[in-house]
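Participant: Input file: input28.cif. Contents: mmCIF, C-alpha atoms and all ligand atoms.
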```cif
data_structure
#
loop_
_atom_site.group_PDB
_atom_site.id
_atom_site.type_symbol
_atom_site.label_atom_id
_atom_site.label_comp_id
_atom_site.auth_asym_id
_atom_site.auth_seq_id
_atom_site.Cartn_x
_atom_site.Cartn_y
_atom_site.Cartn_z
ATOM 1 C CA ARG A 1 0.000 0.000 0.000
ATOM 2 C CA ILE A 2 1.176 3.533 -0.744
ATOM 3 C CA PRO A 3 2.015 5.482 2.420
ATOM 4 C CA LEU A 4 -0.026 8.691 2.533
ATOM 5 C CA LEU A 5 0.613 11.727 4.715
ATOM 6 C CA ILE A 6 -2.070 14.424 4.746
ATOM 7 C CA ASP A 7 -1.486 18.009 5.825
ATOM 8 C CA THR A 8 -4.883 19.543 6.512
ATOM 9 C CA ASP A 9 -7.028 22.147 8.335
ATOM 10 C CA PRO A 10 -10.372 20.348 8.825
ATOM 11 C CA GLY A 11 -12.776 21.942 7.656
ATOM 12 C CA VAL A 12 -15.884 20.437 6.064
ATOM 13 C CA ASP A 13 -14.366 19.593 2.675
ATOM 14 C CA ASP A 14 -11.163 18.389 4.350
ATOM 15 C CA ALA A 15 -13.352 16.002 6.342
ATOM 16 C CA LEU A 16 -14.728 14.379 3.186
ATOM 17 C CA ALA A 17 -11.223 14.140 1.713
ATOM 18 C CA LEU A 18 -9.963 12.473 4.898
ATOM 19 C CA LEU A 19 -12.843 9.985 4.874
ATOM 20 C CA MET A 20 -11.978 9.160 1.245
ATOM 21 C CA ALA A 21 -8.329 8.575 2.130
ATOM 22 C CA LEU A 22 -9.072 6.535 5.247
ATOM 23 C CA ALA A 23 -11.441 4.291 3.245
ATOM 24 C CA ASP A 24 -9.050 3.675 0.349
ATOM 25 C CA ALA A 25 -7.603 0.159 0.314
ATOM 26 C CA ARG A 26 -4.630 1.056 -1.900
ATOM 27 C CA HIS A 27 -3.261 3.706 0.464
ATOM 28 C CA GLN A 28 -2.192 3.639 4.076
ATOM 29 C CA VAL A 29 -2.653 6.930 5.911
ATOM 30 C CA VAL A 30 0.502 7.187 8.038
ATOM 31 C CA GLY A 31 -0.309 10.505 9.696
ATOM 32 C CA LEU A 32 -2.278 13.722 9.656
ATOM 33 C CA THR A 33 -0.392 16.967 10.160
ATOM 34 C CA ILE A 34 -2.633 19.832 11.125
ATOM 35 C CA ALA A 35 -2.512 23.556 10.467
ATOM 36 C CA ALA A 36 -4.706 26.518 11.304
ATOM 37 C CA GLY A 37 -6.734 27.757 8.352
ATOM 38 C CA ASN A 38 -10.458 27.224 8.044
ATOM 39 C CA VAL A 39 -10.595 27.726 11.830
ATOM 40 C CA GLY A 40 -8.050 27.901 14.651
ATOM 41 C CA LEU A 41 -5.637 25.074 15.409
ATOM 42 C CA GLU A 42 -7.436 23.920 18.574
ATOM 43 C CA HIS A 43 -10.493 23.186 16.420
ATOM 44 C CA THR A 44 -8.688 21.726 13.391
ATOM 45 C CA VAL A 45 -6.798 19.275 15.632
ATOM 46 C CA ALA A 46 -9.976 18.275 17.473
ATOM 47 C CA ASN A 47 -11.748 17.793 14.145
ATOM 48 C CA ALA A 48 -9.000 15.583 12.724
ATOM 49 C CA LEU A 49 -9.290 13.340 15.781
ATOM 50 C CA ARG A 50 -13.090 13.171 15.442
ATOM 51 C CA ILE A 51 -12.858 12.254 11.746
ATOM 52 C CA CYS A 52 -10.384 9.439 12.458
ATOM 53 C CA GLN A 53 -12.660 8.149 15.179
ATOM 54 C CA VAL A 54 -15.766 8.031 13.006
ATOM 55 C CA ALA A 55 -13.734 6.234 10.319
ATOM 56 C CA GLY A 56 -12.652 3.678 12.933
ATOM 57 C CA ARG A 57 -9.022 4.763 12.522
ATOM 58 C CA ASP A 58 -7.820 5.849 15.953
ATOM 59 C CA ASP A 59 -4.478 4.287 15.000
ATOM 60 C CA VAL A 60 -3.623 7.220 12.700
ATOM 61 C CA PRO A 61 -1.385 9.725 14.524
ATOM 62 C CA VAL A 62 -2.487 13.372 14.475
ATOM 63 C CA PHE A 63 0.294 15.975 14.770
ATOM 64 C CA PRO A 64 -0.630 19.574 15.663
ATOM 65 C CA GLY A 65 1.344 22.132 13.678
ATOM 66 C CA CYS A 66 1.374 25.862 13.019
ATOM 67 C CA ASP A 67 -1.332 27.915 14.676
ATOM 68 C CA ARG A 68 -0.838 30.905 12.344
ATOM 69 C CA PRO A 69 0.674 31.826 8.973
ATOM 70 C CA LEU A 70 4.455 32.320 8.722
ATOM 71 C CA LEU A 71 4.399 36.134 8.584
ATOM 72 C CA HIS A 72 1.034 37.891 8.633
ATOM 73 C CA PRO A 73 -2.225 36.996 10.382
ATOM 74 C CA SER A 74 -5.106 36.106 8.073
ATOM 75 C CA PRO A 75 -8.870 35.730 8.627
ATOM 76 C CA ASP A 76 -10.360 32.231 8.918
ATOM 77 C CA ALA A 77 -13.343 30.705 7.057
ATOM 78 C CA ALA A 78 -15.631 30.029 10.021
ATOM 79 C CA ASN A 79 -18.522 31.650 8.134
ATOM 80 C CA VAL A 80 -18.484 28.667 5.743
ATOM 81 C CA HIS A 81 -17.271 25.836 7.989
ATOM 82 C CA GLY A 82 -18.883 26.827 11.314
ATOM 83 C CA VAL A 83 -17.195 28.218 14.416
ATOM 84 C CA ASP A 84 -15.809 24.755 15.279
ATOM 85 C CA GLY A 85 -14.908 24.063 11.618
ATOM 86 C CA LEU A 86 -17.313 21.122 11.393
ATOM 87 C CA GLY A 87 -20.658 22.858 11.104
ATOM 88 C CA ASP A 88 -21.263 23.356 14.849
ATOM 89 C CA ALA A 89 -23.150 20.073 14.766
ATOM 90 C CA GLY A 90 -22.784 19.515 18.521
ATOM 91 C CA LEU A 91 -21.128 16.135 18.111
ATOM 92 C CA PRO A 92 -19.026 14.851 21.033
ATOM 93 C CA PRO A 93 -15.241 15.342 20.998
ATOM 94 C CA ALA A 94 -12.889 12.470 20.209
ATOM 95 C CA THR A 95 -11.777 10.300 23.085
ATOM 96 C CA ARG A 96 -8.039 10.329 22.346
ATOM 97 C CA ALA A 97 -5.437 13.090 22.325
ATOM 98 C CA ALA A 98 -3.114 14.337 19.586
ATOM 99 C CA GLU A 99 0.628 13.577 19.446
ATOM 100 C CA ALA A 100 3.158 15.835 21.158
ATOM 101 C CA ARG A 101 5.476 16.143 18.149
ATOM 102 C CA HIS A 102 5.089 19.243 15.952
ATOM 103 C CA ALA A 103 3.648 18.659 12.477
ATOM 104 C CA ALA A 104 6.731 20.068 10.719
ATOM 105 C CA GLU A 105 8.988 17.596 12.530
ATOM 106 C CA ALA A 106 6.556 14.759 11.864
ATOM 107 C CA ILE A 107 6.603 15.531 8.126
ATOM 108 C CA ILE A 108 10.392 15.220 8.123
ATOM 109 C CA GLU A 109 10.412 12.055 10.233
ATOM 110 C CA LEU A 110 7.740 10.335 8.114
ATOM 111 C CA SER A 111 9.585 11.343 4.939
ATOM 112 C CA HIS A 112 12.593 9.402 6.226
ATOM 113 C CA ARG A 113 10.549 6.412 7.334
ATOM 114 C CA HIS A 114 8.854 6.159 3.910
ATOM 115 C CA ALA A 115 11.631 7.682 1.797
ATOM 116 C CA GLY A 116 10.948 7.542 -1.938
ATOM 117 C CA ARG A 117 7.427 6.171 -1.462
ATOM 118 C CA LEU A 118 5.536 8.830 0.467
ATOM 119 C CA LEU A 119 2.507 10.518 -1.093
ATOM 120 C CA LEU A 120 2.038 13.936 0.539
ATOM 121 C CA VAL A 121 -1.340 15.620 0.101
ATOM 122 C CA ALA A 122 -1.817 19.231 1.235
ATOM 123 C CA LEU A 123 -5.412 20.308 1.836
ATOM 124 C CA GLY A 124 -4.876 23.506 3.797
ATOM 125 C CA PRO A 125 -2.558 26.504 4.033
ATOM 126 C CA LEU A 126 1.006 25.334 3.352
ATOM 127 C CA THR A 127 2.512 26.624 6.614
ATOM 128 C CA ASN A 128 3.557 23.251 8.067
ATOM 129 C CA ILE A 129 5.194 22.050 4.850
ATOM 130 C CA ALA A 130 7.008 25.376 4.381
ATOM 131 C CA LEU A 131 8.339 25.160 7.919
ATOM 132 C CA ALA A 132 9.444 21.562 7.333
ATOM 133 C CA LEU A 133 11.308 22.748 4.220
ATOM 134 C CA ARG A 134 13.062 25.435 6.253
ATOM 135 C CA LEU A 135 14.088 22.808 8.817
ATOM 136 C CA ASP A 136 15.201 20.339 6.145
ATOM 137 C CA PRO A 137 15.562 21.560 2.536
ATOM 138 C CA THR A 138 16.257 17.968 1.379
ATOM 139 C CA LEU A 139 12.647 16.994 2.139
ATOM 140 C CA PRO A 140 11.450 16.963 -1.534
ATOM 141 C CA SER A 141 14.041 14.318 -2.431
ATOM 142 C CA ARG A 142 12.192 11.808 -0.214
ATOM 143 C CA ILE A 143 8.630 12.618 -1.315
ATOM 144 C CA ALA A 144 7.395 10.440 -4.179
ATOM 145 C CA ARG A 145 4.535 12.788 -5.039
ATOM 146 C CA LEU A 146 3.048 16.015 -3.703
ATOM 147 C CA VAL A 147 -0.567 16.957 -4.397
ATOM 148 C CA VAL A 148 -1.729 20.429 -3.360
ATOM 149 C CA MET A 149 -5.240 21.844 -3.142
ATOM 150 C CA GLY A 150 -4.676 25.529 -3.727
ATOM 151 C CA GLY A 151 -4.643 28.478 -6.060
ATOM 152 C CA ALA A 152 -6.894 29.956 -8.704
ATOM 153 C CA VAL A 153 -5.004 29.381 -11.921
ATOM 154 C CA THR A 154 -6.730 31.928 -14.147
ATOM 155 C CA GLY A 155 -7.379 34.407 -11.393
ATOM 156 C CA HIS A 156 -10.953 33.643 -10.311
ATOM 157 C CA GLY A 157 -10.426 33.627 -6.561
ATOM 158 C CA ASN A 158 -12.813 32.494 -3.853
ATOM 159 C CA ILE A 159 -11.550 34.673 -1.011
ATOM 160 C CA THR A 160 -10.368 37.780 -2.883
ATOM 161 C CA PRO A 161 -11.040 38.573 -6.548
ATOM 162 C CA SER A 162 -7.834 36.788 -7.534
ATOM 163 C CA ALA A 163 -6.824 34.547 -4.603
ATOM 164 C CA GLU A 164 -7.913 31.144 -3.357
ATOM 165 C CA PHE A 165 -8.241 30.600 0.408
ATOM 166 C CA ASN A 166 -5.363 28.171 1.145
ATOM 167 C CA VAL A 167 -2.800 30.227 -0.760
ATOM 168 C CA PHE A 168 -4.204 33.555 0.470
ATOM 169 C CA PHE A 169 -4.089 32.426 4.117
ATOM 170 C CA ASP A 170 -0.292 31.955 3.914
ATOM 171 C CA PRO A 171 1.131 33.169 0.594
ATOM 172 C CA GLU A 172 4.732 33.107 1.841
ATOM 173 C CA ALA A 173 4.364 29.426 2.720
ATOM 174 C CA ALA A 174 2.890 28.628 -0.703
ATOM 175 C CA HIS A 175 5.763 30.511 -2.370
ATOM 176 C CA ILE A 176 8.277 28.414 -0.415
ATOM 177 C CA VAL A 177 6.573 25.104 -1.222
ATOM 178 C CA PHE A 178 5.943 25.863 -4.916
ATOM 179 C CA GLY A 179 9.593 26.823 -5.275
ATOM 180 C CA ALA A 180 11.001 23.784 -3.487
ATOM 181 C CA PHE A 181 9.402 20.884 -5.355
ATOM 182 C CA ASP A 182 10.504 20.183 -8.944
ATOM 183 C CA ARG A 183 7.141 18.560 -9.604
ATOM 184 C CA PHE A 184 3.782 18.717 -7.862
ATOM 185 C CA ASP A 185 0.139 18.225 -8.737
ATOM 186 C CA LEU A 186 -2.165 21.195 -8.263
ATOM 187 C CA ALA A 187 -5.933 20.940 -7.864
ATOM 188 C CA ASP A 188 -7.039 24.577 -7.779
ATOM 189 C CA TRP A 189 -10.312 26.373 -7.047
ATOM 190 C CA GLU A 190 -11.241 26.655 -10.707
ATOM 191 C CA ALA A 191 -10.921 22.883 -11.177
ATOM 192 C CA THR A 192 -13.131 22.584 -8.087
ATOM 193 C CA VAL A 193 -15.798 24.749 -9.714
ATOM 194 C CA ALA A 194 -15.614 22.597 -12.865
ATOM 195 C CA HIS A 195 -16.246 19.453 -10.770
ATOM 196 C CA GLY A 196 -19.124 20.420 -8.486
ATOM 197 C CA PHE A 197 -21.684 18.006 -7.074
ATOM 198 C CA LEU A 198 -25.407 18.602 -7.542
ATOM 199 C CA HIS A 199 -26.918 19.228 -4.108
ATOM 200 C CA GLU A 200 -29.727 16.758 -4.800
ATOM 201 C CA ASP A 201 -27.115 14.037 -5.514
ATOM 202 C CA VAL A 202 -25.200 14.870 -2.320
ATOM 203 C CA ASP A 203 -28.417 14.703 -0.289
ATOM 204 C CA ARG A 204 -28.996 11.210 -1.679
ATOM 205 C CA TRP A 205 -25.429 10.026 -0.963
ATOM 206 C CA LEU A 206 -25.716 11.330 2.592
ATOM 207 C CA ALA A 207 -28.896 9.370 3.175
ATOM 208 C CA ALA A 208 -26.889 6.116 2.900
ATOM 209 C CA PRO A 209 -27.140 3.970 6.016
ATOM 210 C CA GLY A 210 -24.248 3.879 8.485
ATOM 211 C CA PRO A 211 -22.333 6.129 10.856
ATOM 212 C CA VAL A 212 -20.004 7.755 8.306
ATOM 213 C CA ALA A 213 -22.787 9.160 6.118
ATOM 214 C CA ALA A 214 -24.738 10.273 9.202
ATOM 215 C CA PHE A 215 -21.669 12.010 10.612
ATOM 216 C CA TYR A 216 -20.909 13.736 7.340
ATOM 217 C CA GLU A 217 -24.520 14.772 6.807
ATOM 218 C CA ALA A 218 -24.475 16.501 10.188
ATOM 219 C CA VAL A 219 -21.103 18.218 9.919
ATOM 220 C CA SER A 220 -21.564 19.391 6.312
ATOM 221 C CA ARG A 221 -25.153 20.666 6.646
ATOM 222 C CA HIS A 222 -24.194 24.269 7.446
ATOM 223 C CA ALA A 223 -21.599 24.467 4.645
ATOM 224 C CA ARG A 224 -23.922 22.897 2.070
ATOM 225 C CA ARG A 225 -26.721 25.324 2.872
ATOM 226 C CA TRP A 226 -24.284 28.255 2.823
ATOM 227 C CA SER A 227 -23.046 27.088 -0.571
ATOM 228 C CA GLU A 228 -26.562 26.671 -1.960
ATOM 229 C CA ASP A 229 -27.404 30.247 -0.962
ATOM 230 C CA ALA A 230 -24.119 31.736 -2.165
ATOM 231 C CA ARG A 231 -23.289 29.644 -5.208
ATOM 232 C CA GLY A 232 -26.343 27.834 -6.547
ATOM 233 C CA ASP A 233 -27.155 24.259 -7.406
ATOM 234 C CA ARG A 234 -23.684 22.693 -7.219
ATOM 235 C CA TRP A 235 -21.539 22.126 -4.154
ATOM 236 C CA PHE A 236 -17.842 22.793 -4.660
ATOM 237 C CA CYS A 237 -15.818 20.440 -2.494
ATOM 238 C CA ALA A 238 -12.219 21.460 -3.158
ATOM 239 C CA ASP A 239 -10.360 19.030 -0.926
ATOM 240 C CA ALA A 240 -12.373 16.025 -2.114
ATOM 241 C CA LEU A 241 -11.284 16.692 -5.702
ATOM 242 C CA ALA A 242 -7.632 17.054 -4.666
ATOM 243 C CA MET A 243 -7.814 13.817 -2.693
ATOM 244 C CA ALA A 244 -9.510 12.014 -5.588
ATOM 245 C CA MET A 245 -6.663 13.098 -7.869
ATOM 246 C CA ALA A 246 -4.139 11.923 -5.295
ATOM 247 C CA LEU A 247 -5.745 8.510 -4.783
ATOM 248 C CA ARG A 248 -6.605 7.828 -8.431
ATOM 249 C CA PRO A 249 -4.223 9.665 -10.758
ATOM 250 C CA GLY A 250 -5.465 7.485 -13.634
ATOM 251 C CA ALA A 251 -8.802 9.339 -13.584
ATOM 252 C CA VAL A 252 -7.141 12.634 -14.527
ATOM 253 C CA LEU A 253 -8.397 13.310 -18.066
ATOM 254 C CA GLU A 254 -6.563 16.579 -18.744
ATOM 255 C CA ALA A 255 -3.762 18.511 -17.071
ATOM 256 C CA ALA A 256 -1.329 21.283 -18.011
ATOM 257 C CA GLU A 257 2.264 21.587 -16.853
ATOM 258 C CA ARG A 258 3.390 25.142 -16.153
ATOM 259 C CA PRO A 259 5.558 27.239 -13.830
ATOM 260 C CA VAL A 260 3.534 28.551 -10.857
ATOM 261 C CA ASP A 261 4.361 31.176 -8.243
ATOM 262 C CA VAL A 262 2.455 33.315 -5.746
ATOM 263 C CA VAL A 263 1.967 37.092 -5.471
ATOM 264 C CA LEU A 264 3.440 38.299 -2.169
ATOM 265 C CA GLY A 265 3.449 41.780 -0.633
ATOM 266 C CA ARG A 266 0.487 43.838 0.477
ATOM 267 C CA SER A 267 -1.283 44.658 -2.810
ATOM 268 C CA ALA A 268 -4.866 43.726 -3.660
ATOM 269 C CA ALA A 269 -3.417 40.743 -5.549
ATOM 270 C CA ARG A 270 -1.740 39.261 -2.447
ATOM 271 C CA GLY A 271 -2.058 35.484 -2.562
ATOM 272 C CA ALA A 272 -2.925 35.258 -6.262
ATOM 273 C CA THR A 273 -1.377 32.298 -8.091
ATOM 274 C CA LEU A 274 0.812 33.388 -10.977
ATOM 275 C CA VAL A 275 0.743 30.727 -13.680
ATOM 276 C CA ASP A 276 3.121 31.410 -16.551
ATOM 277 C CA TRP A 277 0.703 30.063 -19.171
ATOM 278 C CA GLN A 278 2.768 31.401 -22.094
ATOM 279 C CA ARG A 279 6.076 30.338 -20.473
ATOM 280 C CA GLN A 280 7.372 33.900 -20.758
ATOM 281 C CA LEU A 281 9.780 33.756 -17.818
ATOM 282 C CA GLY A 282 11.788 30.739 -18.941
ATOM 283 C CA ARG A 283 11.204 28.909 -15.687
ATOM 284 C CA PRO A 284 10.693 25.140 -15.402
ATOM 285 C CA ASP A 285 7.192 23.611 -15.547
ATOM 286 C CA ARG A 286 6.781 22.529 -11.963
ATOM 287 C CA ALA A 287 3.054 22.288 -11.434
ATOM 288 C CA ARG A 288 0.845 19.749 -13.128
ATOM 289 C CA ILE A 289 -2.425 21.681 -13.057
ATOM 290 C CA LEU A 290 -5.604 19.612 -13.010
ATOM 291 C CA LEU A 291 -8.020 20.666 -15.740
ATOM 292 C CA ARG A 292 -10.384 17.716 -16.076
ATOM 293 C CA TYR A 293 -11.042 14.706 -13.856
ATOM 294 C CA ASP A 294 -13.426 11.836 -14.548
ATOM 295 C CA GLN A 295 -16.570 13.145 -12.804
ATOM 296 C CA ALA A 296 -18.116 9.673 -12.503
ATOM 297 C CA ALA A 297 -14.935 8.355 -10.872
ATOM 298 C CA LEU A 298 -14.908 11.317 -8.474
ATOM 299 C CA GLU A 299 -18.496 10.772 -7.434
ATOM 300 C CA ALA A 300 -17.909 7.032 -7.012
ATOM 301 C CA GLN A 301 -14.933 7.760 -4.740
ATOM 302 C CA VAL A 302 -17.094 10.042 -2.590
ATOM 303 C CA ARG A 303 -19.933 7.533 -2.366
ATOM 304 C CA GLU A 304 -17.548 4.737 -1.385
ATOM 305 C CA ALA A 305 -16.110 6.864 1.408
ATOM 306 C CA LEU A 306 -19.562 7.583 2.794
ATOM 307 C CA ALA A 307 -20.797 3.999 2.594
HETATM 308 C C1 LIG B 401 -9.871 25.516 0.298
HETATM 309 O O1 LIG B 401 -10.076 26.477 1.333
HETATM 310 C C2 LIG B 401 -10.649 25.858 2.449
HETATM 311 O O2 LIG B 401 -11.682 26.627 2.972
HETATM 312 C C3 LIG B 401 -11.113 24.497 2.009
HETATM 313 O O3 LIG B 401 -10.996 23.578 3.080
HETATM 314 C C4 LIG B 401 -10.207 24.162 0.866
HETATM 315 O O4 LIG B 401 -9.031 23.529 1.312
HETATM 316 C C5 LIG B 401 -10.683 25.922 -0.905
HETATM 317 O O5 LIG B 401 -10.308 27.179 -1.355
HETATM 318 CA CA CA B 402 -8.827 22.592 3.530
#
```
Just dump the structure as structure tokens.
Facilitator:
Amino acid sequence: RIPLLIDTDPGVDDALALLMALADARHQVVGLTIAAGNVGLEHTVANALRICQVAGRDDVPVFPGCDRPLLHPSPDAANVHGVDGLGDAGLPPATRAAEARHAAEAIIELSHRHAGRLLLVALGPLTNIALALRLDPTLPSRIARLVVMGGAVTGHGNITPSAEFNVFFDPEAAHIVFGAFDRFDLADWEATVAHGFLHEDVDRWLAAPGPVAAFYEAVSRHARRWSEDARGDRWFCADALAMAMALRPGAVLEAAERPVDVVLGRSAARGATLVDWQRQLGRPDRARILLRYDQAALEAQVREALA
């Protein structure tokens, strides 16, 4: 089985992605490293533990990481995800505690333990991975594949006019990570919008019998209703698409390889992803940008995770 390390800030869509990963027979989740992002670190850690518990996977270690971006504070997304990050559903907390080791150190340690085989999937702000790279710049040499949910590759942002939330929350971290890996897969916000789920389909999937569907119905209710009001008949579940691409790369139907960087500084474009579509800067193509994924495969992966 492929060892899988997930860096995440759960988060309603992170939760679905984690359930997909924990249910996948071809991958072994070897750890969750947690950042602040959608909500504060105390909540994202607690949520990761609750998600493992509902998936029957209390054996997966959860490592708390950075509780803020590298340089500048940034607002959270509690309006979408709920104050507790999982829809304020009033579910009981997990019964076990998180690990003592910091996420950045855990990333380095797990990269040694699974050197050359590790699949690293980033579903939140890239603060923990950037810090790990500062501690050990040789990290990329031991990662078999990095998949990132982040960015808005033609500038249609979801948090500012041009920026996507994960990159906007910690642009300096994204700049460090995008510059450190020779190759990575990018599932951005615009790919998310091209792969939405019809709300009526999601309602049906969530009516499946069993504790996982019931849990996810409860924790996602607030976010799904928010999305229906704000965005219409499709639900955009960014982290689920990124995880699908990570777990089943064969279902990628179209991708583009290009150089990608991040706008830093304090302008209105802070956090925008800069894709050199015309290759004008002579830089290497580092990002493999997801353009089209097999929608039926994606929906099957989600349904399997909820079953
Ligand atoms: C990303 O931002 C977060 O709110 C989601 O969990 C996802 O990772 C989408 O822009
Ligand atoms: Ca996320």
Participant: If we count all atoms listed in the file, what is near A:Trp205 at a cut-off of 10 Å, once residues fewer than 6 positions away on the same chain are taken out, given as an MDAnalysis selection string?
Facilitator: chainID A and resid 199 213 217 299 302:304 306:307
Participant: Give me the residues within 10 Å of A:Asp88 as a list in words, counting only C-alpha atoms and dropping any in the same chain fewer than 2 places off.
Facilitator: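 With the cut-off at 10 Å, the set is Ala78, His81, Gly82, Val83, Asp84, Gly85, Leu86, Gly90, Leu91, Ala218, Val219, Ser220, Arg221 and His222 of chain A.
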Participant: Write out as a PyMOL selection string the residues lying within 10 Å of A:Phe215, counting all atoms listed in the file and excluding same-chain residues fewer than 6 positions away.
Facilitator: chain A and resi 50-51+54-55+89+91+206+306
Participant: What residues come out when you apply the PyMOL selection byres (((not hetatm)) within 6 of (chain B and resi 402)) to this file, written as an NGL selection string?
Facilitator: :A and (8-11 or 14 or 123-124 or 239)
Participant: Point out the residue among A:Asp67, A:Asp276, A:Asp76, A:Asp203 with the least atom-to-atom distance to ligand LIG 401 (chain B), counting all atoms listed in the file.
Facilitator: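 Going through A:Asp67, A:Asp276, A:Asp76, A:Asp203 one by one, the smallest distance to ligand LIG 401 (chain B) is for A:Asp76.
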Participant: Using Å and a single decimal, report how far atom CA of A:Leu133 sits from atom CA of A:Trp189.
Facilitator: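 Distance reported for this atom pair: 24.6 Å.
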Participant: Pick out the closest residue to A:Arg270 from this set: A:Gly210, A:Pro171, A:Gly116, A:Gly150. Count all atoms listed in the file.
Facilitator: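 With all atoms listed in the file as the atom set, the closest residue is A:Pro171.
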Participant: Restricting the calculation to all atoms listed in the file, which member of A:Ile143, A:Leu186, A:Met243, A:Ser111 is positioned closest to A:Ala255?
Facilitator: A:Leu186
Participant: Could you tell me which residues the PyMOL selection byres (((chain A and resi 169) around 8) and not hetatm) returns for this structure, as a ChimeraX atom specification?
Facilitator: /A:37,69,73-76,125,165-168,170-171,271
Participant: Go through A:Asn158, A:Thr127, A:Gln28, A:Gln53 one by one, measure the shortest atom-to-atom distance of each to ligand LIG 401 (chain B) using all atoms listed in the file, and give the residue with the smallest value.
Facilitator: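 Using all atoms listed in the file, the shortest distance to ligand LIG 401 (chain B) belongs to A:Asn158.
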Participant: Using only C-alpha atoms, can you tell me which of A:Ala25, A:Met149, A:Glu257, A:His112 comes closest to A:Asp136?
Facilitator: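 Using only C-alpha atoms, the shortest distance to A:Asp136 belongs to A:His112.
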Participant: Just give me the gap between atom CA of A:Ala246 and atom CA of A:Ala21 in Å, one decimal is fine.
Facilitator: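 These atoms are spaced 9.2 Å apart.
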Participant: Generate N, CA and C atoms for stretch 179-193 of chain A and emit them as a short mmCIF file (atom, residue, chain, number, x, y, z; two decimals), in the frame of the given file.
Facilitator:
```cif
data_model
loop_
_atom_site.label_atom_id
_atom_site.label_comp_id
_atom_site.auth_asym_id
_atom_site.auth_seq_id
_atom_site.Cartn_x
_atom_site.Cartn_y
_atom_site.Cartn_z
N GLY A 179 8.23 26.66 -4.78
CA GLY A 179 9.59 26.82 -5.28
C GLY A 179 10.52 25.68 -4.92
N ALA A 180 10.09 24.81 -4.01
CA ALA A 180 11.00 23.78 -3.49
C ALA A 180 10.84 22.43 -4.18
N PHE A 181 9.66 22.19 -4.73
CA PHE A 181 9.40 20.88 -5.36
C PHE A 181 9.53 21.01 -6.88
N ASP A 182 10.33 20.15 -7.48
CA ASP A 182 10.50 20.18 -8.94
C ASP A 182 9.21 19.84 -9.67
N ARG A 183 8.39 19.04 -9.01
CA ARG A 183 7.14 18.56 -9.60
C ARG A 183 6.10 18.49 -8.50
N PHE A 184 4.90 18.99 -8.77
CA PHE A 184 3.78 18.72 -7.86
C PHE A 184 2.48 18.82 -8.64
N ASP A 185 1.46 18.17 -8.12
CA ASP A 185 0.14 18.23 -8.74
C ASP A 185 -0.68 19.30 -8.04
N LEU A 186 -1.39 20.10 -8.82
CA LEU A 186 -2.16 21.20 -8.26
C LEU A 186 -3.63 21.04 -8.65
N ALA A 187 -4.49 20.93 -7.64
CA ALA A 187 -5.93 20.94 -7.86
C ALA A 187 -6.42 22.28 -7.33
N ASP A 188 -6.76 23.21 -8.21
CA ASP A 188 -7.04 24.58 -7.78
C ASP A 188 -8.54 24.82 -7.62
N TRP A 189 -8.90 26.06 -7.26
CA TRP A 189 -10.31 26.37 -7.05
C TRP A 189 -11.12 26.30 -8.34
N GLU A 190 -10.48 26.67 -9.45
CA GLU A 190 -11.24 26.66 -10.71
C GLU A 190 -11.54 25.22 -11.16
N ALA A 191 -10.62 24.30 -10.91
CA ALA A 191 -10.92 22.88 -11.18
C ALA A 191 -12.06 22.44 -10.27
N THR A 192 -12.05 22.92 -9.02
CA THR A 192 -13.13 22.58 -8.09
C THR A 192 -14.48 23.01 -8.66
N VAL A 193 -14.53 24.23 -9.19
CA VAL A 193 -15.80 24.75 -9.71
C VAL A 193 -16.24 23.94 -10.94
#
```
